[in-house]
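Before any comments, here is the structure.
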Amino acid sequence: MRLLRAGAVIFSKERTDMWIVPEREIAGLMTRQAAFDAVERVFAAMASDAAYNFPVIREAIGHADALYGFKGGFDRTGLTLGLKAGGYWPNNLAQHGLINHQSTVFLFDPDTGQPAAMVGGNLLTALRTAAASSVSIKHLARPDARVLGMIGAGHQATFQLRAALEQRDFEKVIGWNLHPEMLPNLEQVAAEAGLPFEAVSLDGMRVADVIISITSSFEAILGADQVSPGTHIACMGTDTKGKQEVDPALLARATVFTDEVAQSVSIGEAQHAVAQGVIAASDVHQLGAVINGAHPGRQNDSEITLFDGTGVGLQDLAVAARVVDLAVANGIATKVDF
Ligand code: NAD
């Protein structure tokens, strides 16, 4: 029960329901399309200053070699307030049979600050990250893109590939990975979509119209001269200070977009190009501005566009809020008297 003051009258109102949606239910509720729509909408809200992300906290906690932190924000248009808490426990799989990335999303009632939902965040993270590169392809890749290049073949890469294939009439998938034994992960997703897959060298990426990089690399993999004019690149792996996937000179050749500029220049792929003075922070544009029509986006067929997807808290909140709606509508969410 909470008290609301209207003029001099104090009256009571039932508190907001608190819902729990466990991780095991997410796969049956969330679709790629729903994640895409939620992420596209929140990127647009960020670019029109209707939504903002709070500074990211990420700490080595000195236990279990874990990295733990928070990503949060508030979207005034969607009235979504909250945070994702979680991180990386490198020994989980070997020691506990659990996946190494663990996260949970908490939503709050923006009118009162009361908790509104607790939602499993592991699959949602994969889906919202795949949605981000997919949104960038929709808005920045050439309409006639036919060859999709993947750099990285781990857990997240398969989600990125599935979502990307829905954005253009791709005819072929090519892939490179530091650990080539992982490339069958990509081949399998391509086969599900009825497409041929070819393992290539990094020089082989020159035939790609769209490239997605999604690795945990700490040094540049893709050279500036290994990308052809007209290509769209989504750099998705660099989400922490020190990580890097592409040569900073590639950012100088490209028109650079991101989810959020502050993250792009501090923990994203642009951190290196900006630190080296190759580009300025003002050269990095919000993808949301393209979605809103405030930025023209790609302007010709030979332009290289690069999306620096750093992963923002508002993406997590947007997909979690959608899942709560779906779970409540389907009678799957658990209501808690908190
Ligand atoms: P994973 O461990 O399943 O796969 C890691 C991938 O990186 C593999 O392809 C591996 O071969 C490759 N790799 C490992 N070390 C490398 C190195 N030194 N140089 C080049 N390649 C290397 O991890 P994942 O879940 O697929 O995540 C991949 C990356 O994406 C991670 O860095 C993760 O932090 C990042 N990520 C970003 C976002 C975002 O929003 N931007 C969201 C989720 C994950």
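Identifiers in the structure tokens: chain A, B, ... in order shown; residue index from 1 per chain; ligand index from 1 in order shown.
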Within 7 Å of segment 84-99 of chain A using only C-alpha atoms, minus same-chain residues under 2 positions, as a short mmCIF file (atom, residue, chain, number, x, y, z; two decimals) with C-alpha atoms, in the first residue's frame:
data_model
loop_
_atom_site.label_atom_id
_atom_site.label_comp_id
_atom_site.auth_asym_id
_atom_site.auth_seq_id
_atom_site.Cartn_x
_atom_site.Cartn_y
_atom_site.Cartn_z
CA ALA A 64 35.93 -16.40 -8.09
CA ASP A 65 37.88 -14.22 -10.61
CA ALA A 66 34.52 -12.55 -11.25
CA LEU A 67 33.79 -9.25 -12.98
CA TYR A 68 30.53 -7.83 -11.64
CA GLY A 69 28.67 -4.62 -12.39
CA PHE A 70 25.55 -2.63 -13.18
CA LYS A 71 24.12 -1.05 -16.31
CA GLY A 72 21.03 1.08 -15.77
CA HIS A 101 27.97 -14.74 -18.23
CA GLN A 102 25.28 -14.24 -15.56
CA SER A 103 22.86 -11.34 -15.31
CA THR A 104 19.48 -10.34 -13.90
CA VAL A 105 17.35 -7.30 -14.81
CA PHE A 106 15.48 -5.33 -12.12
CA GLY A 313 21.53 -0.68 -19.99
CA ASP A 316 18.36 -4.57 -21.32
#
Polymer residues at most 8 Å from Thr231 of chain A, only C-alpha atoms, same-chain spacing of 2 or more positions, as a VMD selection string: chain A and resid 141 to 142 208 to 211 227 to 229 233 302 to 305
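A distance search around ligand 1 (7 Å at most, only C-alpha atoms and all ligand atoms) returns the following protein and nucleic acid residues: A:Thr125, A:Ala126, A:Thr129, A:Gly152, A:Ala153, A:Gly154, A:His155, A:Gln156, A:Ala157, A:Asn177, A:Leu178, A:His179, A:Met182, A:Ile214, A:Thr215, A:Ser216, A:Ser217, A:Phe218, A:Glu219, A:Ile221, A:Met236, A:Gly237, A:Thr238, A:Asp239, A:Gly309, A:Thr310, A:Gly311, A:Val312.
Distances from A:Arg128, A:Lys241, A:Arg206, A:Arg162 to Asp225 of chain A were compared using only C-alpha atoms, and the smallest one belongs to A:Arg206.
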Please return as a PyMOL selection string: the residues of segment 187-306 of chain A that backbone DSSP assigns to strand (DSSP E). chain A and resi 197-199+210-213+218-222+232-235+244-246+255-258+284-286+305-306
Write out, as a PDB file, in the first residue's frame, the residues just selected, with C-alpha atoms.
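Final output, again02.pdb:
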ATOM      1  CA  PHE A 197      29.243 -20.949 -45.536  1.00  0.00           C
ATOM      2  CA  GLU A 198      32.913 -20.435 -46.336  1.00  0.00           C
ATOM      3  CA  ALA A 199      35.826 -20.068 -43.910  1.00  0.00           C
ATOM      4  CA  VAL A 210      28.319  -6.522 -44.113  1.00  0.00           C
ATOM      5  CA  ILE A 211      30.797  -7.600 -41.412  1.00  0.00           C
ATOM      6  CA  ILE A 212      30.019  -8.339 -37.770  1.00  0.00           C
ATOM      7  CA  SER A 213      32.883  -8.668 -35.297  1.00  0.00           C
ATOM      8  CA  PHE A 218      42.248  -7.138 -26.895  1.00  0.00           C
ATOM      9  CA  GLU A 219      44.018  -6.165 -30.109  1.00  0.00           C
ATOM     10  CA  ALA A 220      42.996  -5.192 -33.614  1.00  0.00           C
ATOM     11  CA  ILE A 221      42.009  -8.144 -35.799  1.00  0.00           C
ATOM     12  CA  LEU A 222      40.620  -6.551 -38.961  1.00  0.00           C
ATOM     13  CA  HIS A 232      28.802  -1.874 -43.233  1.00  0.00           C
ATOM     14  CA  ILE A 233      30.660  -3.157 -40.153  1.00  0.00           C
ATOM     15  CA  ALA A 234      29.094  -3.807 -36.765  1.00  0.00           C
ATOM     16  CA  CYS A 235      31.811  -4.019 -34.094  1.00  0.00           C
ATOM     17  CA  GLN A 244      39.728  -3.990 -29.530  1.00  0.00           C
ATOM     18  CA  GLU A 245      38.659  -5.650 -32.791  1.00  0.00           C
ATOM     19  CA  VAL A 246      39.598  -3.359 -35.675  1.00  0.00           C
ATOM     20  CA  THR A 255      31.324   7.064 -40.898  1.00  0.00           C
ATOM     21  CA  VAL A 256      31.061   5.944 -37.281  1.00  0.00           C
ATOM     22  CA  PHE A 257      27.802   5.322 -35.429  1.00  0.00           C
ATOM     23  CA  THR A 258      27.147   3.942 -31.978  1.00  0.00           C
ATOM     24  CA  VAL A 284      30.809   9.422 -33.564  1.00  0.00           C
ATOM     25  CA  HIS A 285      27.062   9.620 -34.234  1.00  0.00           C
ATOM     26  CA  GLN A 286      24.116   8.004 -32.488  1.00  0.00           C
ATOM     27  CA  THR A 305      29.652   2.692 -42.208  1.00  0.00           C
ATOM     28  CA  LEU A 306      30.746   1.327 -38.829  1.00  0.00           C
TER      29      LEU A 306
END
In Å, rounded to a single decimal, give me how far atom CA of Ser266 of chain A is from atom CA of Phe36 of chain A. 25.3 Å
Between atom CA of Gly230 of chain A and atom CA of Asp301 of chain A, what is the distance in Å, rounded to a tenth?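 Atom-to-atom, atom CA of Gly230 of chain A to atom CA of Asp301 of chain A, that is 5.1 Å.
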When you look at Ala280 of chain A with a cut-off of 12 Å (counting only C-alpha atoms), what residues show up, excluding the ones that are within fewer than 6 positions of it in the same chain? I need them as a list in words. Pro248, Leu251, Ala252, Thr255, Val256, Val261, Ser264, Val265, Ala270, Gln271, His272, Ala273 and Val274 of chain A
Per DSSP on the backbone, what are the helix (DSSP H, G or I) residues of segment 163-305 of chain A, as a ChimeraX atom specification? /A:163-165,180-182,184-192,203-207,224-226,248-253,261-266,270-275,281-283,287-292
